[in-house]
>>> print(open('work14.pdb').read())   # PDB, C-alpha atoms, pLDDT in the B column
ATOM      1  CA  MET L   1      -8.998 -11.355  10.979  1.00 68.00           C
ATOM      2  CA  THR L   2      -5.368 -10.885  11.866  1.00 83.00           C
ATOM      3  CA  GLN L   3      -3.667  -7.563  12.399  1.00 85.00           C
ATOM      4  CA  ILE L   4      -1.523  -8.187   9.292  1.00 81.00           C
ATOM      5  CA  ASN L   5      -4.625  -8.677   7.121  1.00 89.00           C
ATOM      6  CA  LYS L   6      -6.116  -5.415   8.410  1.00 92.00           C
ATOM      7  CA  LYS L   7      -2.891  -3.585   7.561  1.00 94.00           C
ATOM      8  CA  LYS L   8      -2.799  -5.105   4.067  1.00 94.00           C
ATOM      9  CA  ARG L   9      -6.394  -4.036   3.449  1.00 95.00           C
ATOM     10  CA  ARG L  10      -5.613  -0.488   4.627  1.00 96.00           C
ATOM     11  CA  LEU L  11      -2.494  -0.319   2.444  1.00 97.00           C
ATOM     12  CA  TRP L  12      -4.374  -1.484  -0.657  1.00 97.00           C
ATOM     13  CA  LEU L  13      -7.157   0.994   0.065  1.00 97.00           C
ATOM     14  CA  ALA L  14      -4.651   3.828   0.581  1.00 98.00           C
ATOM     15  CA  ALA L  15      -2.934   2.912  -2.704  1.00 98.00           C
ATOM     16  CA  ALA L  16      -6.277   3.073  -4.542  1.00 98.00           C
ATOM     17  CA  VAL L  17      -7.202   6.434  -3.031  1.00 98.00           C
ATOM     18  CA  ILE L  18      -3.766   7.906  -3.785  1.00 98.00           C
ATOM     19  CA  TRP L  19      -3.769   6.621  -7.377  1.00 98.00           C
ATOM     20  CA  MET L  20      -7.296   7.920  -7.974  1.00 98.00           C
ATOM     21  CA  ALA L  21      -6.294  11.294  -6.549  1.00 98.00           C
ATOM     22  CA  LEU L  22      -3.300  11.365  -8.882  1.00 97.00           C
ATOM     23  CA  ILE L  23      -5.535  10.650 -11.896  1.00 97.00           C
ATOM     24  CA  PHE L  24      -7.934  13.355 -10.698  1.00 97.00           C
ATOM     25  CA  ALA L  25      -5.076  15.857 -10.361  1.00 96.00           C
ATOM     26  CA  PHE L  26      -3.869  15.196 -13.921  1.00 94.00           C
ATOM     27  CA  SER L  27      -7.428  15.495 -15.223  1.00 93.00           C
ATOM     28  CA  HIS L  28      -7.926  18.727 -13.339  1.00 94.00           C
ATOM     29  CA  GLN L  29      -5.179  20.449 -15.347  1.00 93.00           C
ATOM     30  CA  LYS L  30      -6.410  22.939 -17.915  1.00 91.00           C
ATOM     31  CA  ALA L  31      -5.915  21.831 -21.511  1.00 87.00           C
ATOM     32  CA  GLU L  32      -2.998  24.217 -21.977  1.00 91.00           C
ATOM     33  CA  GLN L  33      -1.129  22.868 -18.923  1.00 90.00           C
ATOM     34  CA  SER L  34      -1.782  19.273 -19.900  1.00 90.00           C
ATOM     35  CA  GLY L  35      -0.591  19.921 -23.435  1.00 89.00           C
ATOM     36  CA  GLU L  36       2.618  21.493 -22.157  1.00 92.00           C
ATOM     37  CA  VAL L  37       3.396  18.471 -20.000  1.00 90.00           C
ATOM     38  CA  SER L  38       2.830  15.946 -22.786  1.00 91.00           C
ATOM     39  CA  GLY L  39       4.574  18.221 -25.299  1.00 92.00           C
ATOM     40  CA  THR L  40       7.667  18.327 -23.113  1.00 94.00           C
ATOM     41  CA  ILE L  41       7.662  14.555 -22.758  1.00 94.00           C
ATOM     42  CA  THR L  42       7.291  13.896 -26.487  1.00 94.00           C
ATOM     43  CA  TYR L  43       9.954  16.491 -27.328  1.00 94.00           C
ATOM     44  CA  ARG L  44      12.397  14.722 -24.997  1.00 96.00           C
ATOM     45  CA  MET L  45      11.440  11.401 -26.576  1.00 96.00           C
ATOM     46  CA  ALA L  46      12.233  12.837 -30.015  1.00 95.00           C
ATOM     47  CA  GLU L  47      15.583  14.106 -28.707  1.00 95.00           C
ATOM     48  CA  GLY L  48      16.329  10.644 -27.314  1.00 95.00           C
ATOM     49  CA  VAL L  49      15.416   8.873 -30.567  1.00 95.00           C
ATOM     50  CA  SER L  50      17.542  11.324 -32.548  1.00 95.00           C
ATOM     51  CA  GLU L  51      20.502  10.814 -30.236  1.00 95.00           C
ATOM     52  CA  VAL L  52      20.267   7.032 -29.875  1.00 96.00           C
ATOM     53  CA  PHE L  53      19.913   6.422 -33.601  1.00 96.00           C
ATOM     54  CA  GLY L  54      22.353   9.165 -34.628  1.00 95.00           C
ATOM     55  CA  LEU L  55      19.699  10.975 -36.678  1.00 95.00           C
ATOM     56  CA  ASN L  56      20.883  14.468 -35.748  1.00 94.00           C
ATOM     57  CA  TRP L  57      17.410  15.961 -36.132  1.00 96.00           C
ATOM     58  CA  ARG L  58      17.305  19.742 -36.138  1.00 95.00           C
ATOM     59  CA  GLU L  59      14.928  21.757 -33.988  1.00 95.00           C
ATOM     60  CA  GLU L  60      12.242  21.752 -36.686  1.00 96.00           C
ATOM     61  CA  ALA L  61      12.290  17.948 -37.036  1.00 94.00           C
ATOM     62  CA  LEU L  62      12.324  17.448 -33.259  1.00 94.00           C
ATOM     63  CA  THR L  63       9.269  19.661 -32.874  1.00 94.00           C
ATOM     64  CA  GLU L  64       7.472  17.973 -35.777  1.00 96.00           C
ATOM     65  CA  HIS L  65       8.038  14.478 -34.369  1.00 95.00           C
ATOM     66  CA  ALA L  66       7.099  15.590 -30.866  1.00 94.00           C
ATOM     67  CA  GLU L  67       3.794  16.957 -32.144  1.00 94.00           C
ATOM     68  CA  GLU L  68       3.161  13.785 -34.177  1.00 96.00           C
ATOM     69  CA  TRP L  69       3.732  11.573 -31.165  1.00 95.00           C
ATOM     70  CA  GLN L  70       1.803  13.658 -28.647  1.00 94.00           C
ATOM     71  CA  HIS L  71      -1.640  12.118 -29.210  1.00 93.00           C
ATOM     72  CA  PRO L  72      -0.562   8.447 -29.103  1.00 95.00           C
ATOM     73  CA  VAL L  73       1.681   9.103 -26.094  1.00 94.00           C
ATOM     74  CA  ARG L  74      -1.198  10.778 -24.231  1.00 93.00           C
ATOM     75  CA  LYS L  75      -3.517   7.852 -24.955  1.00 95.00           C
ATOM     76  CA  ALA L  76      -0.856   5.319 -23.937  1.00 96.00           C
ATOM     77  CA  ALA L  77      -0.387   7.254 -20.693  1.00 94.00           C
ATOM     78  CA  HIS L  78      -4.133   7.097 -20.029  1.00 95.00           C
ATOM     79  CA  MET L  79      -4.190   3.365 -20.707  1.00 98.00           C
ATOM     80  CA  THR L  80      -1.259   2.895 -18.341  1.00 98.00           C
ATOM     81  CA  GLU L  81      -2.902   4.988 -15.596  1.00 98.00           C
ATOM     82  CA  TYR L  82      -5.998   2.826 -15.761  1.00 98.00           C
ATOM     83  CA  ALA L  83      -4.059  -0.438 -16.051  1.00 98.00           C
ATOM     84  CA  VAL L  84      -2.375   0.467 -12.757  1.00 98.00           C
ATOM     85  CA  LEU L  85      -5.698   1.506 -11.195  1.00 98.00           C
ATOM     86  CA  ALA L  86      -7.356  -1.772 -12.193  1.00 98.00           C
ATOM     87  CA  CYS L  87      -4.458  -3.764 -10.708  1.00 98.00           C
ATOM     88  CA  ILE L  88      -4.639  -1.796  -7.462  1.00 98.00           C
ATOM     89  CA  LEU L  89      -8.400  -2.377  -7.310  1.00 98.00           C
ATOM     90  CA  LEU L  90      -7.763  -6.077  -7.965  1.00 98.00           C
ATOM     91  CA  GLY L  91      -5.291  -6.136  -5.070  1.00 97.00           C
ATOM     92  CA  ASN L  92      -7.974  -4.600  -2.872  1.00 96.00           C
ATOM     93  CA  LEU L  93     -10.615  -7.105  -3.887  1.00 97.00           C
ATOM     94  CA  LEU L  94      -8.340 -10.104  -3.422  1.00 95.00           C
ATOM     95  CA  GLN L  95      -8.079  -9.202   0.268  1.00 94.00           C
ATOM     96  CA  TYR L  96     -11.700 -10.326   0.689  1.00 93.00           C
ATOM     97  CA  PRO L  97     -12.185 -14.097   0.177  1.00 91.00           C
ATOM     98  CA  GLY L  98     -15.867 -13.674  -0.706  1.00 92.00           C
ATOM     99  CA  LEU L  99     -15.006 -11.407  -3.644  1.00 92.00           C
ATOM    100  CA  ARG L 100     -12.188 -13.451  -5.159  1.00 89.00           C
ATOM    101  CA  ASN L 101     -14.352 -15.315  -7.691  1.00 92.00           C
ATOM    102  CA  ARG L 102     -15.272 -12.109  -9.484  1.00 96.00           C
ATOM    103  CA  ALA L 103     -12.363  -9.894  -8.454  1.00 97.00           C
ATOM    104  CA  TYR L 104     -11.122  -9.320 -12.013  1.00 98.00           C
ATOM    105  CA  LEU L 105     -14.597  -8.352 -13.236  1.00 98.00           C
ATOM    106  CA  TRP L 106     -15.187  -5.990 -10.296  1.00 98.00           C
ATOM    107  CA  ALA L 107     -11.727  -4.442 -10.692  1.00 98.00           C
ATOM    108  CA  TRP L 108     -12.369  -3.779 -14.378  1.00 98.00           C
ATOM    109  CA  MET L 109     -15.830  -2.371 -13.669  1.00 98.00           C
ATOM    110  CA  GLY L 110     -14.432  -0.125 -10.930  1.00 98.00           C
ATOM    111  CA  ALA L 111     -11.706   1.232 -13.206  1.00 98.00           C
ATOM    112  CA  ALA L 112     -14.201   1.746 -16.048  1.00 98.00           C
ATOM    113  CA  ALA L 113     -16.607   3.542 -13.719  1.00 98.00           C
ATOM    114  CA  TYR L 114     -13.798   5.795 -12.483  1.00 98.00           C
ATOM    115  CA  ALA L 115     -12.848   6.516 -16.113  1.00 98.00           C
ATOM    116  CA  ALA L 116     -16.434   7.606 -16.774  1.00 98.00           C
ATOM    117  CA  THR L 117     -16.513   9.888 -13.733  1.00 97.00           C
ATOM    118  CA  ASP L 118     -13.119  11.278 -14.718  1.00 97.00           C
ATOM    119  CA  GLU L 119     -14.390  12.192 -18.186  1.00 96.00           C
ATOM    120  CA  PHE L 120     -17.463  13.811 -16.612  1.00 96.00           C
ATOM    121  CA  HIS L 121     -15.143  15.810 -14.332  1.00 96.00           C
ATOM    122  CA  GLN L 122     -13.226  17.047 -17.388  1.00 95.00           C
ATOM    123  CA  LEU L 123     -16.408  18.686 -18.725  1.00 94.00           C
ATOM    124  CA  PHE L 124     -15.869  21.357 -16.072  1.00 94.00           C
ATOM    125  CA  ILE L 125     -12.184  22.022 -16.822  1.00 93.00           C
ATOM    126  CA  GLU L 126     -11.179  24.837 -19.146  1.00 93.00           C
ATOM    127  CA  GLY L 127     -10.323  23.563 -22.614  1.00 93.00           C
ATOM    128  CA  ARG L 128     -11.050  19.938 -21.743  1.00 92.00           C
ATOM    129  CA  SER L 129     -13.925  17.716 -22.805  1.00 91.00           C
ATOM    130  CA  GLY L 130     -15.442  14.483 -21.638  1.00 93.00           C
ATOM    131  CA  GLU L 131     -15.288  11.873 -24.385  1.00 95.00           C
ATOM    132  CA  LEU L 132     -16.865   8.432 -24.527  1.00 97.00           C
ATOM    133  CA  LYS L 133     -13.947   7.238 -26.668  1.00 97.00           C
ATOM    134  CA  ASP L 134     -11.582   8.187 -23.820  1.00 97.00           C
ATOM    135  CA  VAL L 135     -13.641   6.086 -21.390  1.00 98.00           C
ATOM    136  CA  CYS L 136     -13.233   3.203 -23.860  1.00 98.00           C
ATOM    137  CA  ILE L 137      -9.475   3.813 -24.135  1.00 98.00           C
ATOM    138  CA  ASP L 138      -9.104   3.960 -20.334  1.00 98.00           C
ATOM    139  CA  SER L 139     -11.245   0.846 -19.878  1.00 98.00           C
ATOM    140  CA  THR L 140      -9.171  -0.987 -22.472  1.00 98.00           C
ATOM    141  CA  GLY L 141      -6.041  -0.021 -20.531  1.00 98.00           C
ATOM    142  CA  ALA L 142      -7.648  -1.412 -17.381  1.00 98.00           C
ATOM    143  CA  LEU L 143      -8.466  -4.659 -19.176  1.00 98.00           C
ATOM    144  CA  ILE L 144      -4.913  -4.982 -20.503  1.00 98.00           C
ATOM    145  CA  GLY L 145      -3.543  -4.389 -17.009  1.00 98.00           C
ATOM    146  CA  LEU L 146      -5.773  -7.106 -15.587  1.00 98.00           C
ATOM    147  CA  VAL L 147      -4.830  -9.565 -18.338  1.00 98.00           C
ATOM    148  CA  VAL L 148      -1.154  -8.916 -17.587  1.00 98.00           C
ATOM    149  CA  ALA L 149      -1.812  -9.338 -13.844  1.00 97.00           C
ATOM    150  CA  TRP L 150      -3.653 -12.602 -14.499  1.00 97.00           C
ATOM    151  CA  GLY L 151      -0.797 -13.867 -16.693  1.00 96.00           C
ATOM    152  CA  LEU L 152       1.837 -12.950 -14.131  1.00 96.00           C
ATOM    153  CA  GLY L 153      -0.243 -14.512 -11.366  1.00 92.00           C
ATOM    154  CA  THR L 154      -0.596 -17.712 -13.381  1.00 92.00           C
ATOM    155  CA  LEU L 155       3.162 -17.836 -13.976  1.00 93.00           C
ATOM    156  CA  TRP L 156       3.858 -17.161 -10.299  1.00 90.00           C
ATOM    157  CA  ARG L 157       1.501 -19.891  -9.109  1.00 86.00           C
ATOM    158  CA  GLY L 158       2.966 -22.303 -11.666  1.00 84.00           C
ATOM    159  CA  ARG L 159       6.507 -21.692 -10.433  1.00 83.00           C
ATOM    160  CA  ARG L 160       5.492 -22.000  -6.783  1.00 79.00           C
ATOM    161  CA  GLY L 161       3.717 -25.285  -7.543  1.00 71.00           C
ATOM    162  CA  ARG L 162       6.877 -26.954  -8.836  1.00 65.00           C
TER     163      ARG L 162
END
>>> encode(input="work14.pdb", output="structure tokens")
Amino acid sequence: MTQINKKKRRLWLAAAVIWMALIFAFSHQKAEQSGEVSGTITYRMAEGVSEVFGLNWREEALTEHAEEWQHPVRKAAHMTEYAVLACILLGNLLQYPGLRNRAYLWAWMGAAAYAATDEFHQLFIEGRSGELKDVCIDSTGALIGLVVAWGLGTLWRGRRGR
């Protein structure tokens, strides 16, 4: 194995560890902290929508829309976190020729397993709960990420082949 291949493997592994640590850190927030973060994000989204579309929403409407959007935004964020994780795990697995045939399956299974352990971890955090439906949401995000990666890879190989 060349020195470059060893470096690539280490970089992919470091990316996976860092991303998993980031997910862990977000999951380790108490429910109140987590709610404040997503509440701030959805409030700013409502402000942006109001401004871009000239809706001139008052404070009451901004708050109402922010609260309405909070749940779907949180779930979309979880799906995105796990889509990225699955793609990083895929990048890791593709560094090993013997694993390439099943790399997508193993990447999805790894992301799904991490989602399950993450939900278990949340059982011990104040105000949080571990939910099977959240494991399903996270695993779906991982699957979507891998489908996108496969599609982009197919396009890339098709362009290089011309």
>>> resolve_selection(input="work14.pdb", expression="the PyMOL selection byres ((chain L and resi 113) around 12)", output="number ranges by chain")
L: 20, 82, 85-86, 89, 106-112, 114-120, 132, 135-136, 138-139, 142
>>> closest_atom_pairs(input="work14.pdb", of="segment 70-134 of chain L", to="segment 5-15 of chain L", cutoff="12 Å", atoms="all atoms listed in the file", output="Markdown table")
| residue | atom | partner | partner_atom | distance |
| --- | --- | --- | --- | --- |
| L:Val84 | CA | L:Ala15 | CA | 10.4 |
| L:Leu85 | CA | L:Ala15 | CA | 9.0 |
| L:Ala86 | CA | L:Ala15 | CA | 11.5 |
| L:Cys87 | CA | L:Trp12 | CA | 10.3 |
| L:Ile88 | CA | L:Trp12 | CA | 6.8 |
| L:Leu89 | CA | L:Trp12 | CA | 7.8 |
| L:Leu90 | CA | L:Trp12 | CA | 9.3 |
| L:Gly91 | CA | L:Trp12 | CA | 6.5 |
| L:Asn92 | CA | L:Trp12 | CA | 5.3 |
| L:Leu93 | CA | L:Trp12 | CA | 9.0 |
| L:Leu94 | CA | L:Arg9 | CA | 9.4 |
| L:Gln95 | CA | L:Arg9 | CA | 6.3 |
| L:Tyr96 | CA | L:Arg9 | CA | 8.7 |
| L:Pro97 | CA | L:Asn5 | CA | 11.6 |
>>> axis_aligned_box(input="work14.pdb", around="segment 45-55 of chain L", padding_each_side="4 Å", output="AutoDock Vina command-line options")
--center_x 16.9 --center_y 10.3 --center_z -31.6 --size_x 18.9 --size_y 15.7 --size_z 18.1
>>> residues_around(input="work14.pdb", residues="His65 of chain L", least_positions_apart="3", cutoff="12 Å", atoms="all atoms listed in the file", output="PyMOL selection string")
chain L and resi 39-50+57-62+68-73
>>> write_last_selection(input="work14.pdb", atoms="C-alpha atoms", output="compact mmCIF listing (two decimals), keeping the file's coordinate frame")
# COMPACT_ATOMS: atom_id res chain seq x y z
CA GLY L 39 4.57 18.22 -25.30
CA THR L 40 7.67 18.33 -23.11
CA ILE L 41 7.66 14.56 -22.76
CA THR L 42 7.29 13.90 -26.49
CA TYR L 43 9.95 16.49 -27.33
CA ARG L 44 12.40 14.72 -25.00
CA MET L 45 11.44 11.40 -26.58
CA ALA L 46 12.23 12.84 -30.02
CA GLU L 47 15.58 14.11 -28.71
CA GLY L 48 16.33 10.64 -27.31
CA VAL L 49 15.42 8.87 -30.57
CA SER L 50 17.54 11.32 -32.55
CA TRP L 57 17.41 15.96 -36.13
CA ARG L 58 17.30 19.74 -36.14
CA GLU L 59 14.93 21.76 -33.99
CA GLU L 60 12.24 21.75 -36.69
CA ALA L 61 12.29 17.95 -37.04
CA LEU L 62 12.32 17.45 -33.26
CA GLU L 68 3.16 13.78 -34.18
CA TRP L 69 3.73 11.57 -31.16
CA GLN L 70 1.80 13.66 -28.65
CA HIS L 71 -1.64 12.12 -29.21
CA PRO L 72 -0.56 8.45 -29.10
CA VAL L 73 1.68 9.10 -26.09
>>> atom_distance(input="work14.pdb", atom1="atom CA of Gly153 of chain L", atom2="atom CA of Ile23 of chain L")
25.7 Å
>>> closest_residue(input="work14.pdb", among="L:Thr154, L:Phe53, L:Lys75, L:Ala103", to="Gly141 of chain L", atoms="all atoms listed in the file")
L:Lys75
>>> resolve_selection(input="work14.pdb", expression="the PyMOL selection byres ((chain L and resi 24-28) around 12)", output="VMD selection string")
chain L and resid 17 to 23 29 to 35 37 to 38 74 77 to 78 81 to 82 114 to 130
>>> atom_distance(input="work14.pdb", atom1="atom CA of Lys133 of chain L", atom2="atom CA of Met79 of chain L")
12.1 Å
>>> decode(input="work14.pdb", residues="segment 43-145 of chain L", atoms="C-alpha atoms", output="mmCIF file, in the first residue's frame")
data_model
loop_
_atom_site.group_PDB
_atom_site.id
_atom_site.type_symbol
_atom_site.label_atom_id
_atom_site.label_comp_id
_atom_site.auth_asym_id
_atom_site.auth_seq_id
_atom_site.Cartn_x
_atom_site.Cartn_y
_atom_site.Cartn_z
ATOM 1 C CA TYR L 43 -37.313 31.916 13.823
ATOM 2 C CA ARG L 44 -34.591 33.218 11.494
ATOM 3 C CA MET L 45 -36.065 31.145 8.672
ATOM 4 C CA ALA L 46 -39.462 32.753 9.301
ATOM 5 C CA GLU L 47 -37.829 36.199 9.277
ATOM 6 C CA GLY L 48 -36.141 35.355 5.972
ATOM 7 C CA VAL L 49 -39.365 34.097 4.368
ATOM 8 C CA SER L 50 -41.215 37.199 5.553
ATOM 9 C CA GLU L 51 -38.525 39.482 4.167
ATOM 10 C CA VAL L 52 -37.961 37.708 0.847
ATOM 11 C CA PHE L 53 -41.657 37.469 0.031
ATOM 12 C CA GLY L 54 -42.541 40.891 1.460
ATOM 13 C CA LEU L 55 -45.014 39.389 3.940
ATOM 14 C CA ASN L 56 -44.164 41.796 6.760
ATOM 15 C CA TRP L 57 -45.070 39.272 9.453
ATOM 16 C CA ARG L 58 -45.325 40.706 12.943
ATOM 17 C CA GLU L 59 -43.619 39.166 15.951
ATOM 18 C CA GLU L 60 -46.624 36.958 16.717
ATOM 19 C CA ALA L 61 -46.727 35.494 13.189
ATOM 20 C CA LEU L 62 -42.951 34.988 13.125
ATOM 21 C CA THR L 63 -43.088 33.067 16.392
ATOM 22 C CA GLU L 64 -46.081 31.008 15.250
ATOM 23 C CA HIS L 65 -44.399 29.984 11.988
ATOM 24 C CA ALA L 66 -41.116 29.267 13.749
ATOM 25 C CA GLU L 67 -42.878 26.925 16.164
ATOM 26 C CA GLU L 68 -44.772 25.247 13.301
ATOM 27 C CA TRP L 69 -41.580 24.605 11.380
ATOM 28 C CA GLN L 70 -39.457 23.468 14.314
ATOM 29 C CA HIS L 71 -40.347 19.761 14.207
ATOM 30 C CA PRO L 72 -39.878 19.249 10.443
ATOM 31 C CA VAL L 73 -36.660 21.289 10.480
ATOM 32 C CA ARG L 74 -35.278 19.179 13.344
ATOM 33 C CA LYS L 75 -36.101 15.950 11.512
ATOM 34 C CA ALA L 76 -34.604 17.258 8.259
ATOM 35 C CA ALA L 77 -31.453 18.179 10.187
ATOM 36 C CA HIS L 78 -31.252 14.646 11.594
ATOM 37 C CA MET L 79 -31.697 13.146 8.138
ATOM 38 C CA THR L 80 -28.960 15.413 6.805
ATOM 39 C CA GLU L 81 -26.577 14.519 9.658
ATOM 40 C CA TYR L 82 -26.991 10.842 8.890
ATOM 41 C CA ALA L 83 -26.833 11.313 5.115
ATOM 42 C CA VAL L 84 -23.418 12.919 5.629
ATOM 43 C CA LEU L 85 -22.351 10.176 8.056
ATOM 44 C CA ALA L 86 -23.340 7.430 5.613
ATOM 45 C CA CYS L 87 -21.384 9.130 2.811
ATOM 46 C CA ILE L 88 -18.315 9.473 5.026
ATOM 47 C CA LEU L 89 -18.597 5.800 5.996
ATOM 48 C CA LEU L 90 -18.935 4.943 2.298
ATOM 49 C CA GLY L 91 -15.757 6.912 1.578
ATOM 50 C CA ASN L 92 -14.010 4.895 4.275
ATOM 51 C CA LEU L 93 -15.188 1.569 2.923
ATOM 52 C CA LEU L 94 -14.257 2.386 -0.662
ATOM 53 C CA GLN L 95 -10.626 2.660 0.454
ATOM 54 C CA TYR L 96 -10.590 -1.128 0.902
ATOM 55 C CA PRO L 97 -10.922 -3.049 -2.402
ATOM 56 C CA GLY L 98 -12.281 -6.151 -0.657
ATOM 57 C CA LEU L 99 -15.225 -4.189 0.757
ATOM 58 C CA ARG L 100 -16.247 -2.316 -2.383
ATOM 59 C CA ASN L 101 -18.907 -4.814 -3.502
ATOM 60 C CA ARG L 102 -20.997 -4.196 -0.405
ATOM 61 C CA ALA L 103 -19.754 -0.744 0.579
ATOM 62 C CA TYR L 104 -23.159 0.934 0.231
ATOM 63 C CA LEU L 105 -24.863 -1.729 2.355
ATOM 64 C CA TRP L 106 -22.173 -1.572 5.058
ATOM 65 C CA ALA L 107 -22.231 2.238 5.062
ATOM 66 C CA TRP L 108 -26.003 2.250 5.526
ATOM 67 C CA MET L 109 -25.819 -0.395 8.253
ATOM 68 C CA GLY L 110 -23.073 1.542 10.044
ATOM 69 C CA ALA L 111 -25.073 4.775 9.962
ATOM 70 C CA ALA L 112 -28.229 2.964 11.112
ATOM 71 C CA ALA L 113 -26.335 1.292 13.950
ATOM 72 C CA TYR L 114 -24.901 4.650 15.029
ATOM 73 C CA ALA L 115 -28.423 6.129 14.923
ATOM 74 C CA ALA L 116 -29.592 3.365 17.262
ATOM 75 C CA THR L 117 -26.733 3.944 19.702
ATOM 76 C CA ASP L 118 -27.372 7.684 19.525
ATOM 77 C CA GLU L 119 -31.023 7.204 20.490
ATOM 78 C CA PHE L 120 -29.947 4.922 23.349
ATOM 79 C CA HIS L 121 -27.525 7.639 24.501
ATOM 80 C CA GLN L 122 -30.391 10.156 24.546
ATOM 81 C CA LEU L 123 -32.213 8.041 27.155
ATOM 82 C CA PHE L 124 -29.686 9.374 29.663
ATOM 83 C CA ILE L 125 -30.011 13.065 28.735
ATOM 84 C CA GLU L 126 -32.364 15.325 30.658
ATOM 85 C CA GLY L 127 -35.612 15.898 28.785
ATOM 86 C CA ARG L 128 -34.612 13.693 25.858
ATOM 87 C CA SER L 129 -35.884 10.272 24.852
ATOM 88 C CA GLY L 130 -34.715 7.480 22.625
ATOM 89 C CA GLU L 131 -37.253 6.809 19.888
ATOM 90 C CA LEU L 132 -37.375 3.996 17.355
ATOM 91 C CA LYS L 133 -39.057 6.360 14.885
ATOM 92 C CA ASP L 134 -36.002 8.642 15.123
ATOM 93 C CA VAL L 135 -33.720 5.703 14.278
ATOM 94 C CA CYS L 136 -35.936 5.129 11.222
ATOM 95 C CA ILE L 137 -35.778 8.821 10.266
ATOM 96 C CA ASP L 138 -31.977 8.880 10.661
ATOM 97 C CA SER L 139 -31.598 5.632 8.713
ATOM 98 C CA THR L 140 -33.794 7.009 5.943
ATOM 99 C CA GLY L 141 -31.542 10.076 5.798
ATOM 100 C CA ALA L 142 -28.537 7.771 5.501
ATOM 101 C CA LEU L 143 -30.212 5.873 2.668
ATOM 102 C CA ILE L 144 -31.064 9.095 0.829
ATOM 103 C CA GLY L 145 -27.471 10.272 1.203
#
